[in-house]
file input-v4.txt (compact mmCIF, C-alpha atoms and all ligand atoms)
# COMPACT_ATOMS: atom_id res chain seq x y z
CA MET A 1 83.12 133.44 90.62
CA PRO A 2 83.22 132.20 87.01
CA SER A 3 85.73 129.43 87.72
CA MET A 4 83.44 127.93 90.35
CA VAL A 5 80.48 127.91 87.97
CA GLY A 6 82.62 126.23 85.35
CA ARG A 7 83.72 123.54 87.73
CA ILE A 8 80.22 122.72 88.89
CA GLY A 9 79.04 122.71 85.30
CA THR A 10 81.49 120.02 84.26
CA THR A 11 81.23 117.82 87.32
CA THR A 12 78.31 115.53 87.93
CA ILE A 13 77.68 114.95 91.57
CA ALA A 14 76.65 111.54 92.78
CA ALA A 15 74.81 111.82 96.06
CA ILE A 16 74.95 108.79 98.26
CA ALA A 17 72.42 108.59 101.03
CA VAL A 18 73.54 107.39 104.40
CA ALA A 19 70.47 105.23 104.66
CA ALA A 20 71.48 103.56 107.89
CA ILE A 21 70.92 106.77 109.86
CA ALA A 22 67.43 107.23 108.52
CA LEU A 23 66.58 103.58 109.12
CA THR A 24 67.75 103.43 112.71
CA SER A 25 66.04 106.70 113.54
CA CYS A 26 62.81 105.41 111.98
CA ALA A 27 62.86 102.25 114.03
CA LYS A 28 62.66 104.01 117.38
CA GLY A 29 61.44 107.49 116.61
CA GLY A 30 57.68 106.78 116.36
CA GLY A 31 57.64 107.43 112.61
CA LYS A 32 59.49 110.71 112.89
CA GLN A 33 62.09 110.82 110.16
CA LEU A 34 65.30 112.80 110.28
CA PRO A 35 66.44 114.54 107.10
CA GLN A 36 68.65 112.21 105.12
CA ASN A 37 72.32 112.82 105.50
CA THR A 38 74.01 112.97 102.13
CA ILE A 39 77.60 113.09 101.05
CA GLU A 40 78.99 113.96 97.70
CA ILE A 41 81.57 111.98 95.78
CA PRO A 42 82.46 113.45 92.37
CA GLU A 43 81.60 111.13 89.49
CA ASN A 44 85.07 111.62 88.00
CA LEU A 45 87.50 110.89 90.79
CA PRO A 46 90.96 112.41 90.54
CA THR A 47 93.70 109.92 89.68
CA VAL A 48 96.58 109.99 92.13
CA SER A 49 100.18 108.83 92.03
CA PHE A 50 100.83 107.77 95.63
CA CYS A 51 104.18 105.95 95.77
CA ALA A 52 104.10 102.88 98.01
CA ASP A 53 107.89 102.46 97.87
CA SER A 54 108.37 105.93 99.33
CA ALA A 55 105.87 105.27 102.10
CA TYR A 56 107.74 102.06 102.91
CA GLU A 57 111.04 103.96 103.09
CA TYR A 58 109.49 106.40 105.59
CA VAL A 59 108.37 103.47 107.73
CA ALA A 60 111.87 101.98 107.54
CA ALA A 61 113.47 105.28 108.53
CA GLN A 62 111.31 105.51 111.66
CA THR A 63 112.00 101.95 112.78
CA ALA A 64 115.74 102.47 112.22
CA PHE A 65 115.76 104.84 115.22
CA GLY A 66 114.62 101.98 117.46
CA PRO A 67 111.39 102.03 119.50
CA ARG A 68 110.10 105.64 119.67
CA VAL A 69 109.13 105.51 123.32
CA PRO A 70 108.36 108.97 124.76
CA GLU A 71 111.34 110.58 126.50
CA SER A 72 113.82 108.23 124.79
CA GLU A 73 116.65 109.32 122.48
CA ALA A 74 115.05 107.46 119.53
CA HIS A 75 111.83 109.39 120.09
CA SER A 76 113.63 112.74 119.95
CA GLN A 77 115.48 111.66 116.82
CA CYS A 78 112.15 110.74 115.27
CA VAL A 79 110.73 114.20 116.12
CA GLU A 80 113.70 115.73 114.27
CA TYR A 81 113.13 113.37 111.34
CA LEU A 82 109.40 114.05 111.06
CA THR A 83 109.71 117.85 111.31
CA GLY A 84 112.59 117.75 108.79
CA LYS A 85 110.62 115.67 106.29
CA LEU A 86 107.51 117.84 106.59
CA ARG A 87 109.60 120.99 106.01
CA GLN A 88 111.37 119.33 103.09
CA PHE A 89 107.93 118.59 101.62
CA GLY A 90 106.88 122.21 101.91
CA ALA A 91 104.59 122.06 104.93
CA VAL A 92 104.30 124.79 107.55
CA VAL A 93 105.39 122.93 110.67
CA GLU A 94 104.28 123.49 114.24
CA ILE A 95 105.07 121.50 117.36
CA GLN A 96 102.62 121.51 120.25
CA GLU A 97 104.59 121.00 123.46
CA ALA A 98 102.52 119.95 126.43
CA GLU A 99 102.78 118.05 129.68
CA GLY A 100 100.69 114.91 130.00
CA THR A 101 100.79 112.03 132.45
CA ASN A 102 101.74 108.41 131.93
CA TYR A 103 99.70 105.43 133.15
CA GLU A 104 101.25 105.76 136.62
CA GLY A 105 100.30 109.43 136.86
CA LYS A 106 103.87 110.65 136.36
CA PRO A 107 104.48 113.73 134.18
CA LEU A 108 105.21 113.03 130.53
CA ARG A 109 106.64 115.41 127.94
CA VAL A 110 104.38 115.35 124.89
CA ARG A 111 105.10 116.72 121.41
CA ASN A 112 102.41 116.70 118.71
CA ILE A 113 103.70 117.63 115.26
CA THR A 114 101.58 119.38 112.62
CA GLY A 115 102.42 119.95 108.95
CA SER A 116 100.00 122.33 107.23
CA TYR A 117 99.27 122.74 103.53
CA ARG A 118 97.49 125.86 102.32
CA PRO A 119 97.27 127.30 105.84
CA ASP A 120 95.27 130.22 104.41
CA ARG A 121 92.33 128.01 103.46
CA VAL A 122 89.21 128.08 105.62
CA LYS A 123 87.99 124.70 104.34
CA ARG A 124 90.36 122.10 105.77
CA VAL A 125 90.72 118.41 106.48
CA LEU A 126 92.72 116.68 109.21
CA LEU A 127 94.88 113.60 108.55
CA CYS A 128 96.56 111.98 111.54
CA ALA A 129 98.49 109.03 112.97
CA HIS A 130 100.51 108.39 116.13
CA TYR A 131 104.29 108.23 115.95
CA ASP A 132 105.22 106.91 119.41
CA SER A 133 105.92 103.24 120.09
CA ARG A 134 104.52 101.07 122.87
CA PRO A 135 106.98 100.75 125.76
CA TRP A 136 106.07 97.07 126.26
CA ALA A 137 105.24 94.01 124.20
CA ASP A 138 102.52 93.05 126.65
CA HIS A 139 100.75 90.79 124.15
CA ASP A 140 103.82 88.85 123.07
CA PRO A 141 103.20 85.10 123.50
CA ASP A 142 106.71 84.83 124.99
CA LYS A 143 106.47 86.30 128.49
CA SER A 144 110.21 86.95 128.63
CA LYS A 145 109.87 89.49 125.83
CA ARG A 146 107.07 91.57 127.29
CA ASP A 147 109.10 94.12 129.25
CA ARG A 148 110.93 95.45 126.19
CA PRO A 149 109.45 98.18 123.93
CA ILE A 150 108.22 97.28 120.46
CA SER A 151 109.53 98.39 117.09
CA GLY A 152 106.04 99.49 116.11
CA ALA A 153 106.54 99.23 112.35
CA ASN A 154 102.83 98.70 111.90
CA ASP A 155 101.59 100.18 115.18
CA GLY A 156 102.57 103.76 114.62
CA ALA A 157 105.15 103.95 111.83
CA SER A 158 102.86 102.65 109.06
CA GLY A 159 100.29 105.44 109.37
CA VAL A 160 103.01 108.08 109.64
CA GLY A 161 104.79 106.63 106.59
CA VAL A 162 101.62 106.87 104.50
CA LEU A 163 101.03 110.46 105.66
CA LEU A 164 104.61 111.51 104.87
CA GLU A 165 104.14 110.24 101.32
CA ILE A 166 100.84 112.13 101.15
CA ALA A 167 102.77 115.23 102.28
CA ARG A 168 105.24 114.73 99.43
CA GLN A 169 102.36 114.40 96.99
CA LEU A 170 100.66 117.55 98.31
CA GLN A 171 103.84 119.49 97.65
CA ALA A 172 103.91 118.21 94.05
CA LYS A 173 100.23 119.05 93.48
CA ALA A 174 98.42 121.41 95.85
CA PRO A 175 94.98 120.33 97.05
CA THR A 176 91.97 122.62 96.61
CA ILE A 177 91.30 122.61 100.34
CA GLY A 178 93.71 123.07 103.23
CA VAL A 179 95.24 119.95 104.79
CA ASP A 180 96.70 119.53 108.27
CA ILE A 181 98.76 116.41 108.88
CA VAL A 182 99.14 115.74 112.60
CA PHE A 183 101.51 113.21 114.13
CA PHE A 184 100.30 112.44 117.65
CA ASP A 185 102.61 111.59 120.49
CA ALA A 186 101.93 109.26 123.44
CA GLU A 187 99.08 107.23 121.99
CA ASP A 188 100.44 103.88 123.02
CA GLY A 189 101.36 104.17 126.70
CA GLY A 190 98.00 102.90 127.96
CA THR A 191 97.97 100.73 131.09
CA PRO A 192 99.98 97.58 130.31
CA ASP A 193 98.17 94.24 130.44
CA HIS A 194 101.17 92.22 131.66
CA LYS A 195 101.73 94.11 134.90
CA GLU A 196 99.80 94.19 138.14
CA THR A 197 98.11 97.58 138.38
CA ASP A 198 95.47 98.86 140.76
CA ASN A 199 93.17 100.30 138.16
CA TYR A 200 92.85 100.26 134.41
CA ARG A 201 92.12 103.73 133.06
CA GLN A 202 90.99 104.17 129.47
CA ASP A 203 92.34 107.74 129.32
CA THR A 204 95.93 106.53 129.74
CA TRP A 205 95.78 105.88 125.97
CA CYS A 206 95.89 108.68 123.39
CA VAL A 207 97.49 111.28 125.69
CA GLY A 208 98.85 113.30 122.77
CA SER A 209 95.56 113.51 120.89
CA GLN A 210 93.69 114.41 124.09
CA LEU A 211 96.03 117.37 124.61
CA TRP A 212 95.81 118.32 120.93
CA SER A 213 92.00 118.21 121.05
CA LYS A 214 91.99 120.59 124.03
CA GLY A 215 94.29 123.00 122.18
CA PRO A 216 93.14 126.36 120.82
CA GLY A 217 90.90 126.78 117.77
CA ARG A 218 90.31 123.11 117.03
CA ASP A 219 86.56 123.33 116.45
CA ALA A 220 85.92 125.53 113.45
CA ALA A 221 88.88 124.46 111.39
CA HIS A 222 88.16 121.05 109.89
CA ARG A 223 85.38 119.50 107.84
CA PHE A 224 86.44 116.03 108.91
CA GLY A 225 89.39 113.97 110.08
CA ILE A 226 90.93 110.64 109.10
CA LEU A 227 93.12 108.67 111.51
CA LEU A 228 95.41 105.90 110.21
CA ASP A 229 96.46 103.15 112.59
CA MET A 230 98.09 99.84 111.69
CA VAL A 231 97.77 100.24 107.94
CA GLY A 232 100.80 98.19 106.88
CA ALA A 233 100.19 94.45 107.35
CA ALA A 234 100.12 92.17 104.29
CA ASP A 235 96.87 90.53 105.36
CA ALA A 236 95.13 93.71 106.52
CA THR A 237 91.40 94.29 106.38
CA PHE A 238 89.67 97.52 107.30
CA PRO A 239 86.14 96.88 108.48
CA ILE A 240 84.22 99.94 109.68
CA GLU A 241 85.35 100.93 113.16
CA LEU A 242 82.24 101.50 115.23
CA PHE A 243 82.97 104.85 116.94
CA SER A 244 83.63 106.14 113.41
CA LYS A 245 80.30 104.75 112.25
CA SER A 246 78.39 106.41 115.08
CA LYS A 247 80.29 109.73 115.28
CA ALA A 248 81.19 110.33 111.62
CA PRO A 249 78.92 108.24 109.34
CA GLU A 250 79.23 110.64 106.38
CA VAL A 251 83.01 110.41 106.52
CA VAL A 252 82.83 106.60 106.65
CA GLU A 253 80.55 106.69 103.60
CA LYS A 254 82.91 108.99 101.73
CA VAL A 255 86.06 106.95 102.47
CA TRP A 256 84.64 103.45 102.04
CA GLY A 257 82.71 104.67 98.97
CA ILE A 258 85.89 106.02 97.38
CA ALA A 259 87.74 102.82 98.34
CA GLU A 260 85.14 100.79 96.47
CA ARG A 261 85.19 103.13 93.48
CA THR A 262 88.99 102.79 93.27
CA GLY A 263 88.97 98.98 93.44
CA LYS A 264 89.88 98.67 97.14
CA GLY A 265 86.58 97.21 98.32
CA GLY A 266 88.26 93.91 99.22
CA LEU A 267 90.46 95.70 101.73
CA PHE A 268 87.91 98.25 102.95
CA THR A 269 85.12 95.82 103.76
CA ARG A 270 81.73 97.05 104.88
CA ASP A 271 81.76 94.70 107.86
CA ASN A 272 81.31 96.07 111.32
CA GLY A 273 84.61 96.21 113.19
CA SER A 274 84.69 96.99 116.89
CA TYR A 275 84.60 100.05 119.16
CA ILE A 276 88.27 100.97 119.47
CA THR A 277 89.78 103.45 121.90
CA ASP A 278 92.05 105.37 119.59
CA ASP A 279 93.02 108.99 118.89
CA HIS A 280 89.85 109.63 116.85
CA LEU A 281 87.68 108.88 119.90
CA TYR A 282 89.07 111.91 121.76
CA ILE A 283 88.91 114.13 118.68
CA ASN A 284 85.24 113.19 118.35
CA LYS A 285 84.61 113.69 122.08
CA LEU A 286 86.53 116.93 122.59
CA THR A 287 86.14 118.77 119.25
CA ASN A 288 83.47 119.15 116.56
CA ILE A 289 85.62 117.44 113.93
CA PRO A 290 83.92 114.21 112.80
CA THR A 291 86.85 111.82 112.60
CA ILE A 292 87.14 108.21 111.45
CA ASP A 293 89.73 105.53 112.15
CA ILE A 294 91.11 103.35 109.36
CA ILE A 295 92.47 100.53 111.50
CA HIS A 296 93.30 96.90 110.78
CA TYR A 297 90.88 94.67 112.65
CA GLU A 298 89.85 91.01 112.36
CA ASP A 299 88.11 89.58 115.49
CA GLY A 300 90.80 91.42 117.43
CA PHE A 301 93.84 93.40 116.38
CA CYS A 302 96.40 91.99 113.96
CA LYS A 303 98.59 89.08 115.04
CA THR A 304 101.69 91.20 115.64
CA TRP A 305 99.83 93.75 117.80
CA HIS A 306 101.89 94.73 120.86
CA THR A 307 104.38 91.93 120.22
CA GLN A 308 108.06 91.83 119.23
CA ASP A 309 106.90 90.71 115.76
CA ASP A 310 105.65 94.18 114.87
CA VAL A 311 108.70 94.81 112.70
CA LEU A 312 109.54 96.15 109.22
CA ASP A 313 109.68 92.61 107.78
CA ASN A 314 105.94 92.38 108.31
CA ILE A 315 105.14 95.59 106.43
CA SER A 316 103.57 95.34 102.98
CA ARG A 317 104.12 97.99 100.35
CA ALA A 318 100.85 96.94 98.74
CA THR A 319 98.79 97.71 101.84
CA LEU A 320 100.51 101.05 102.45
CA GLY A 321 99.90 101.87 98.78
CA ALA A 322 96.22 100.97 98.82
CA VAL A 323 95.51 103.03 101.94
CA GLY A 324 97.54 105.97 100.67
CA GLU A 325 95.77 105.95 97.33
CA VAL A 326 92.33 105.99 98.96
CA VAL A 327 93.16 108.79 101.42
CA LEU A 328 94.91 110.92 98.81
CA THR A 329 91.93 110.51 96.45
CA VAL A 330 89.63 111.63 99.26
CA VAL A 331 91.78 114.73 99.79
CA TYR A 332 91.95 115.74 96.12
CA ALA A 333 88.22 115.11 95.69
CA GLU A 334 87.39 117.79 98.30
CA ARG A 335 86.66 121.25 96.93
C1 LIG B 1 93.24 99.84 123.20
O1 LIG B 1 93.86 98.80 123.26
C2 LIG B 1 92.39 100.30 124.31
N1 LIG B 1 93.29 100.62 122.16
C3 LIG B 1 94.09 100.32 121.04
C4 LIG B 1 94.50 101.55 120.34
C5 LIG B 1 95.83 101.33 119.77
C6 LIG B 1 96.90 100.86 120.44
N2 LIG B 1 96.15 101.49 118.55
C7 LIG B 1 97.39 101.17 118.41
N3 LIG B 1 97.87 100.78 119.55
ZN ZN B 2 99.52 100.07 120.03
call {"tool": "encode", "arguments": {"input": "input-v4.txt", "output": "structure tokens", "more": "lines below"}}
Ligand code: AHN
Ligand code: ZN
result
Amino acid sequence: MPSMVGRIGTTTIAAIAVAAIALTSCAKGGGKQLPQNTIEIPENLPTVSFCADSAYEYVAAQTAFGPRVPESEAHSQCVEYLTGKLRQFGAVVEIQEAEGTNYEGKPLRVRNITGSYRPDRVKRVLLCAHYDSRPWADHDPDKSKRDRPISGANDGASGVGVLLEIARQLQAKAPTIGVDIVFFDAEDGGTPDHKETDNYRQDTWCVGSQLWSKGPGRDAAHRFGILLDMVGAADATFPIELFSKSKAPEVVEKVWGIAERTGKGGLFTRDNGSYITDDHLYINKLTNIPTIDIIHYEDGFCKTWHTQDDVLDNISRATLGAVGEVVLTVVYAER
């Protein structure tokens, strides 16, 4: 194909070695060296026009429904809103309806929402965030506030807001590859910490993404996945989440490399974060899609995490904008 030759001819490829893999394998492997894993970031990165104000408006619209707790009226209204926005932005929309269980083992109606761009493309990437809100504020310092659900402006709505603005951008300028934006349900109903329960079960978190990962045809479709979680606080930092580092090191290298190249290295630090049970863990466990988590972490989650202070007032347009710019650049850089 002449156009392909032309493109390669005008683009210099900078190969970045994921040296850490080779080093750790050397240390234990009796001198046996694995082939170096390389990723490619184009020398000339595309410039993008992600609009932070729009992303903020999409966060505000979600929080205006009230807490989006599964099986609540606000949650259903939010499903209508998200499917409507994705259609408005030209995506092919699909809802996966499934039955999960809550932390008490009771049945739970789950709806995962997908908006697809260029559904014909074989080469695809997955972008995702959860849209449900935690039914309790179990980490609120004020015990009297713990039984009420949270607004979840940061925990949930922020990642969705960024992805809705990415959807709007993808309609304005089509990516070379296919893109699937997935809004997961029922991420945040994991066993509450403020109640007496017999047993803590890790798999009570991320119910929507577990069901999505077990759905049909998940394996061949995507090169990689990026999960956004709590990407809206003013003082956010995104160290490297450790399941991402072990399961998807090339994707970490690509995203943190592009963040540095676009002047976001202060936000996307190269520090080690923590191992976090989040939707990407189940995607990595149950599918072949190497998926990373961009999640605010600083010796623990952010200060408003699972408290009544996780509200729109604590959302920063600047942080939404920085994350959106990095992820959108990653998407347009894929060919
Ligand atoms: C756990 O607390 C086990 N995981 C945190 C994942 C999460 C909750 N992200 C947002 N809310
Ligand atoms: Zn949460």
call {"tool": "residues_around", "arguments": {"input": "input-v4.txt", "residues": "A:Gly273", "least_positions_apart": "3", "cutoff": "8 Å", "atoms": "only C-alpha atoms", "output": "list of chain:residue names"}}
result
A:Phe238, A:Pro239, A:Ile240, A:Glu241, A:Leu242, A:Tyr297, A:Glu298, A:Asp299
call {"tool": "write_last_selection", "arguments": {"input": "input-v4.txt", "atoms": "C-alpha atoms", "output": "PDB file, in the frame of the given file"}}
result
ATOM      1  CA  PHE A 238      89.670  97.520 107.300  1.00  0.00           C
ATOM      2  CA  PRO A 239      86.140  96.880 108.480  1.00  0.00           C
ATOM      3  CA  ILE A 240      84.220  99.940 109.680  1.00  0.00           C
ATOM      4  CA  GLU A 241      85.350 100.930 113.160  1.00  0.00           C
ATOM      5  CA  LEU A 242      82.240 101.500 115.230  1.00  0.00           C
ATOM      6  CA  TYR A 297      90.880  94.670 112.650  1.00  0.00           C
ATOM      7  CA  GLU A 298      89.850  91.010 112.360  1.00  0.00           C
ATOM      8  CA  ASP A 299      88.110  89.580 115.490  1.00  0.00           C
TER       9      ASP A 299
END
call {"tool": "residues_around", "arguments": {"input": "input-v4.txt", "residues": "A:His306", "least_positions_apart": "2", "cutoff": "9 Å", "atoms": "all atoms listed in the file", "output": "PyMOL selection string"}}
result
chain A and resi 134+136-140+146+149-150+152+155+303-304+308-310
call {"tool": "residues_near_ligand", "arguments": {"input": "input-v4.txt", "ligand": "ligand LIG 1 (chain B)", "cutoff": "6 Å", "atoms": "only C-alpha atoms and all ligand atoms", "output": "JSON, numbers by chain"}}
result
{"A": [155, 188, 276, 277, 278]}
call {"tool": "residues_near_point", "arguments": {"input": "input-v4.txt", "point": "(101.4, 120.3, 103.6)", "cutoff": "10 Å", "atoms": "all atoms listed in the file", "output": "VMD selection string"}}
result
chain A and resid 86 to 87 89 to 93 114 to 119 164 166 to 171 174 to 175 178 to 181
call {"tool": "write_last_selection", "arguments": {"input": "input-v4.txt", "atoms": "C-alpha atoms", "output": "mmCIF file, in the frame of the given file"}}
result
data_model
loop_
_atom_site.group_PDB
_atom_site.id
_atom_site.type_symbol
_atom_site.label_atom_id
_atom_site.label_comp_id
_atom_site.auth_asym_id
_atom_site.auth_seq_id
_atom_site.Cartn_x
_atom_site.Cartn_y
_atom_site.Cartn_z
ATOM 1 C CA LEU A 86 107.510 117.840 106.590
ATOM 2 C CA ARG A 87 109.600 120.990 106.010
ATOM 3 C CA PHE A 89 107.930 118.590 101.620
ATOM 4 C CA GLY A 90 106.880 122.210 101.910
ATOM 5 C CA ALA A 91 104.590 122.060 104.930
ATOM 6 C CA VAL A 92 104.300 124.790 107.550
ATOM 7 C CA VAL A 93 105.390 122.930 110.670
ATOM 8 C CA THR A 114 101.580 119.380 112.620
ATOM 9 C CA GLY A 115 102.420 119.950 108.950
ATOM 10 C CA SER A 116 100.000 122.330 107.230
ATOM 11 C CA TYR A 117 99.270 122.740 103.530
ATOM 12 C CA ARG A 118 97.490 125.860 102.320
ATOM 13 C CA PRO A 119 97.270 127.300 105.840
ATOM 14 C CA LEU A 164 104.610 111.510 104.870
ATOM 15 C CA ILE A 166 100.840 112.130 101.150
ATOM 16 C CA ALA A 167 102.770 115.230 102.280
ATOM 17 C CA ARG A 168 105.240 114.730 99.430
ATOM 18 C CA GLN A 169 102.360 114.400 96.990
ATOM 19 C CA LEU A 170 100.660 117.550 98.310
ATOM 20 C CA GLN A 171 103.840 119.490 97.650
ATOM 21 C CA ALA A 174 98.420 121.410 95.850
ATOM 22 C CA PRO A 175 94.980 120.330 97.050
ATOM 23 C CA GLY A 178 93.710 123.070 103.230
ATOM 24 C CA VAL A 179 95.240 119.950 104.790
ATOM 25 C CA ASP A 180 96.700 119.530 108.270
ATOM 26 C CA ILE A 181 98.760 116.410 108.880
#
call {"tool": "closest_residue", "arguments": {"input": "input-v4.txt", "among": "A:Tyr332, A:Tyr275, A:Trp305, A:Phe65", "to": "ligand ZN 2 (chain B)", "atoms": "only C-alpha atoms and all ligand atoms"}}
result
A:Trp305
call {"tool": "atom_distance", "arguments": {"input": "input-v4.txt", "atom1": "atom CA of A:Ile95", "atom2": "atom CA of A:His280"}}
result
19.3 Å
call {"tool": "closest_residue", "arguments": {"input": "input-v4.txt", "among": "A:Asn284, A:Thr83, A:Ser72, A:Thr101", "to": "A:Ser133", "atoms": "all atoms listed in the file"}}
result
A:Ser72
call {"tool": "residues_around", "arguments": {"input": "input-v4.txt", "residues": "A:Trp256", "least_positions_apart": "3", "cutoff": "9 Å", "atoms": "all atoms listed in the file", "output": "PyMOL selection string"}}
result
chain A and resi 240+251-253+259-261+264-265+268-270+326
